[in-house]
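Inspection log for the structure reproduced underneath, given as structure tokens.
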Amino acid sequence: MSKKQDQPNPMETMRHSAEHVLTMAMLKLYPGLLAAMGPATEEGFYFDFDLEGETRFRKTPSSGSYHASGKVPSSGSYFDFDSKRKIQEKDLPKIEKKMQDIINADFPITHTEMSVEEARKAFSNNPYKLEWIEEANKRGEKVSIYTIQGDSPPNTFVDVCKGPHVERTGKIGPFKLLSIAGAYWHGDEKNKMLTRIYGTAYPTQEELDKYLWQQEEAEKRNHRKLGQELELFAIFPEIGQGLPVWLPNGFIIRRELEDYMLKVERQHGYQHTITPVISKAELFETSGHLGFYNDSMYPPIEVDNEKLYLKPMSCPGAMMVYKSKTRSYRDLPFKLGEFGLVYRYEKSGELHGLQRVRGFTQNDAHIFCRPDQLDEQLTEVIKILKQFYKDLGFTQYWMRLSLSDPKDAKYKIAERDEWEKAENALKKVLDDNKLEYKIAPGEAAFYGPKIDIQAVNVFGKEDTISTIQFDFNLPKRFGLSYTNEEGKEEKPYVIHRALIGSFERFFAFLIEHYGGAFPIWLSPVQAIVLPITERNTAYANSVQVLLENEGIRAEADNRAETLQAKIRDAQVRKIPYMLVVGDREESSNSVAVRLRNGKNEGAIKLKEFESQIKKVIQERTNL
RNA sequence: GCCGACAUGGCUCAAUGGUAAAGCAUCCCCUUGGUAAGGGGAAGAUCGUGAGUUCGAUUCUCACUGUCGGCUCCA
């Protein structure tokens with residue numbers, strides 16, 4: 001009844017029915033509650049309830065009106081339930097049991113239609129349903145109704161719903177309620193927050209178990225968990241919410257990524273800059289950030305009668321660099337990169353590990369170009385992007401082309417034809433490169449259309465990893481120009497791109513993608529030398545030093561532990577190469593190579609291992 | 001910010017209205033062992049912060065802070 005379902009598959013249909021059974025169970029357990037809405041989803045289903053129910057809408061009793069509890073109103077209070085009641089996780093088993101009863105009873109689910117008038121009357125107590133009914137009314141349709149036909153009136157559950165459903169409740173497979181959450185009606189934070197119950201259902205118990213098992217497996221890859229276990233990063237309440245610290249192991253990965261990006265950008269003619277983390281209010285007034293994003297900027301620091309703001313974006317600094325001298329058409333394109341540290345005052349509830357933080361660094365760049373260079377520049381960005389994703393081993397990603405909405409006043413920064421020109425240029429580069437993309441109308445930033453690169457993480461959620469944006473705003477506001485062939489001033493185009501939109505978010509994605517077993521070139525420790533006995537520690541140390549001198553990150557584990565224990569510890573740390581050295585290896589100047597995937601490669605000459613691992617690192621291959 | 005839950009040594013966690021158990025990690029001793037944890041011992045928590053109830057609170061209540069699951073948002 002909620003989600004558009006062109007071709008509902010049997011799984012969706014079954015989950016949708018499960019969701020109705022949930023609602024029916026809830027109404028039995030919590031009289032007076034109001035059912036709002038809920039769909040079947042990719043992973044299961046959910047339903048939103050208004051627990052305050054009718055008390056919210058009818059403060060005083062009116063005779064003969066609907067009364068969910070079926071009891072006669074007592075004086076003083078019309079309802080026999082606590083309007084402040086809440087549902088807790090511990091209530092889920094109780095609800096599940098009630099659902100199971102309904103399923104076991106194998107009630108028929110039947111479809112009928114009501115006229116709008118009838119429906120209004122039948123659902124007069126439920127404003128949420130009335131909204132759906134009015135929707136149907138607008139379309140001039142009858143109201144589709146599904147009924148779970150119980151054996152007696154209190155056991156019958158009637159709902160406004162487009163369907164389809166399974167024929168009987170008994171056809172609903174094994175299910176499980178998963179969690180409780182708050183959710184705004186119509187997804188709008190201005191609206192009342194409802195209580196949402198998430199659940200899932202599968203045709204068989206095996207499939208349900210598999211799903212739950214997969215969830216547990218995914219949880220093992222949770223970047224926060226691995227971040228702690230592998231000592232990659234930490235967030236200290238004493239330092240601040242959303243202000244992560246890169247621990248030494250994380251730092252190595254961060255620096256490798258930075259070196260990589262720097263090299264790639266230099267190869268493509270980028271220059272780089274570093275701009276301050278705080279800047280005068282004036283700068284952000286010019287850029288427009290203060291006007292548009294004031295709420296999510298940290299409050300200013302006032303000093304010497306000046307207001308200084310933490311930068312939420314590096315763009316204004318880049319604009320200043322461009323403006324710092326006269327630019328000729330010959331100078332373009334001018335590509336300026338920055339590992340820009342920015343601070344945004346995200347709402348506390350939005351913070352999430354490294355995925356959503358308040359202080360982060362972008363692999364940012366601005367490309368200033370002539371109109372005739374736009375296509376080639378966009379193409380180059382796409383080329384770099386594809387190479388980057390390939391080198392990082394990401395194969396599952398797609399593009400989202402975010403366009404303006406001509407009707408939305410938000411997009412008044414430029415004329416319609418300018419918007420169309422820019423949007424067509426982005427579209428063209430996607431088409432020319434034969435990239436798959438989805439169009440998202442009305443998703444453009446106020447200052448221009450953009451291409452976002454979306455990747456799906458191990459929890460099945462989407463992350464924006466990279467972004468390529470066209471910017472109308474900044475060239476205008478900063479009065480950028482270059483001298484053309486005829487000696488006249490012209491305004492450059494600005495492409496704003498961040499291949500790593502945030503090192504922090506990217507790191508979260510990377511950790512989960514690899515489950516902490518990073519490609520060798522990124523591994524904090526690339527090889528660990530494991531001497532078998534104390535006799536071998538001197539040799540182990542010499543191997544370690546030799547590797548370090550060759551630029552390989554190596555450690556020697558000289559603890560008085562058994563080899564098994566050392567191997568186990570190295571496994572847990574997901575160190576790619578374990579080099580076992582005993583008397584045999586020592587006398588033959590070799591190392592016995594064990595890989596973190598469990599493979600025992602046997603002994604090879606140290607020199608040979610050295611060139612082997614160097615090759616692997618250089619080629620960015622993984623094991 | 002909103003809804004809900006949670007908060008015990010570095011980590012994972014147990015128990016309890018009368019100041020807290022265990023494993024891992026740490027330190028010490030023994031063991032010198034060939035591919036995922038050798039054995040023993042020691043030290044380590046006043047139970048997130050503040051207030052209230054109580055003779056007495058880590059345990060009950062409230063507030064705050066933080067974390068987690070969602071919602072909203074993400075220039």
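Identifiers for the structure tokens are assigned positionally: chains receive A, B, ... in sequence, residues are indexed from 1 per chain, and ligands are indexed from 1 in the order shown.
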Within 6 Å of chain B, which residues belong to chain A? Use only C-alpha atoms (C1' of nucleotides) and report them as a list in words.
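In the required form, that comes to Ala181, Gly182, Ala183, Tyr184, Glu189, Thr533, Thr562, Ala565 and Arg568 of chain A.
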Using C-alpha atoms, can you export the residues from the last selection as a PDB file, in the first residue's frame?
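Final output, out_1.pdb:
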ATOM      1  CA  ALA A 181      13.373   2.592  15.608  1.00  0.00           C
ATOM      2  CA  GLY A 182      11.813   5.996  15.338  1.00  0.00           C
ATOM      3  CA  ALA A 183      10.820   7.263  11.925  1.00  0.00           C
ATOM      4  CA  TYR A 184       9.123  10.435  10.776  1.00  0.00           C
ATOM      5  CA  GLU A 189      11.376  15.641  10.273  1.00  0.00           C
ATOM      6  CA  THR A 533      63.533 -20.259  18.916  1.00  0.00           C
ATOM      7  CA  THR A 562      55.545 -20.766  20.493  1.00  0.00           C
ATOM      8  CA  ALA A 565      51.054 -18.493  19.053  1.00  0.00           C
ATOM      9  CA  ARG A 568      47.924 -16.934  15.431  1.00  0.00           C
TER      10      ARG A 568
END
Name the residues in contact with B:G9 at a cut-off of 10 Å, using only C-alpha atoms (C1' of nucleotides), excluding same-chain residues fewer than 5 positions from it; report them as a ChimeraX atom specification.
/B:44-45,47
Check the DSSP output for the backbone and give back, as an MDAnalysis selection string, the residues of stretch 254-375 of chain A in strand (DSSP E).
chainID A and resid 271:272 278:280 301:303 306:310 334:343 359:369
Which of stretch 265-428 of chain A DSSP labels alpha helix (DSSP H), written as an NGL selection string:
:A and (265-267 or 281-287 or 289-293 or 315-323 or 374-391 or 416-428)
Same residues, C-alpha atoms, output as a JSON list (two decimals), in the first residue's frame:
[["chain", "number", "residue", "atom", "x", "y", "z"],
["A", 265, "GLU", "CA", 47.11, 13.86, -9.81],
["A", 266, "ARG", "CA", 50.61, 15.07, -10.62],
["A", 267, "GLN", "CA", 50.68, 12.73, -13.58],
["A", 281, "ALA", "CA", 33.93, 35.31, 7.91],
["A", 282, "GLU", "CA", 34.40, 37.51, 4.88],
["A", 283, "LEU", "CA", 35.68, 34.58, 2.85],
["A", 284, "PHE", "CA", 32.63, 32.47, 3.57],
["A", 285, "GLU", "CA", 30.33, 35.39, 2.99],
["A", 286, "THR", "CA", 31.86, 35.75, -0.44],
["A", 287, "SER", "CA", 31.62, 32.04, -1.15],
["A", 289, "HIS", "CA", 28.75, 29.14, 2.58],
["A", 290, "LEU", "CA", 27.72, 31.27, 5.51],
["A", 291, "GLY", "CA", 24.44, 32.01, 3.82],
["A", 292, "PHE", "CA", 23.67, 28.47, 2.82],
["A", 293, "TYR", "CA", 25.31, 26.32, 5.43],
["A", 315, "CYS", "CA", 36.71, 25.70, -2.27],
["A", 316, "PRO", "CA", 37.06, 29.32, -1.15],
["A", 317, "GLY", "CA", 40.78, 28.86, -0.56],
["A", 318, "ALA", "CA", 41.15, 27.36, -4.02],
["A", 319, "MET", "CA", 39.33, 30.34, -5.48],
["A", 320, "MET", "CA", 41.78, 32.65, -3.76],
["A", 321, "VAL", "CA", 44.70, 30.74, -5.24],
["A", 322, "TYR", "CA", 43.19, 31.08, -8.69],
["A", 323, "LYS", "CA", 42.62, 34.78, -8.16],
["A", 374, "LEU", "CA", 34.80, 21.10, -20.28],
["A", 375, "ASP", "CA", 34.24, 17.77, -22.03],
["A", 376, "GLU", "CA", 37.87, 16.74, -22.09],
["A", 377, "GLN", "CA", 38.33, 17.71, -18.48],
["A", 378, "LEU", "CA", 35.30, 15.76, -17.35],
["A", 379, "THR", "CA", 36.52, 12.82, -19.37],
["A", 380, "GLU", "CA", 39.89, 13.01, -17.72],
["A", 381, "VAL", "CA", 38.32, 13.02, -14.27],
["A", 382, "ILE", "CA", 36.31, 9.94, -15.19],
["A", 383, "LYS", "CA", 39.46, 8.28, -16.45],
["A", 384, "ILE", "CA", 41.33, 8.95, -13.22],
["A", 385, "LEU", "CA", 38.35, 7.78, -11.27],
["A", 386, "LYS", "CA", 38.13, 4.49, -13.11],
["A", 387, "GLN", "CA", 41.83, 3.88, -12.61],
["A", 388, "PHE", "CA", 41.52, 4.72, -8.92],
["A", 389, "TYR", "CA", 38.65, 2.29, -8.37],
["A", 390, "LYS", "CA", 40.51, -0.40, -10.27],
["A", 391, "ASP", "CA", 43.69, 0.10, -8.29],
["A", 416, "ARG", "CA", 17.91, 27.40, -17.19],
["A", 417, "ASP", "CA", 20.04, 27.19, -20.33],
["A", 418, "GLU", "CA", 23.21, 27.26, -18.24],
["A", 419, "TRP", "CA", 21.93, 24.44, -16.08],
["A", 420, "GLU", "CA", 21.00, 22.44, -19.14],
["A", 421, "LYS", "CA", 24.37, 23.00, -20.73],
["A", 422, "ALA", "CA", 26.21, 21.80, -17.65],
["A", 423, "GLU", "CA", 23.86, 18.89, -17.10],
["A", 424, "ASN", "CA", 24.20, 17.80, -20.69],
["A", 425, "ALA", "CA", 27.98, 17.96, -20.45],
["A", 426, "LEU", "CA", 27.93, 15.63, -17.43],
["A", 427, "LYS", "CA", 25.47, 13.34, -19.14],
["A", 428, "LYS", "CA", 27.54, 13.28, -22.29]]
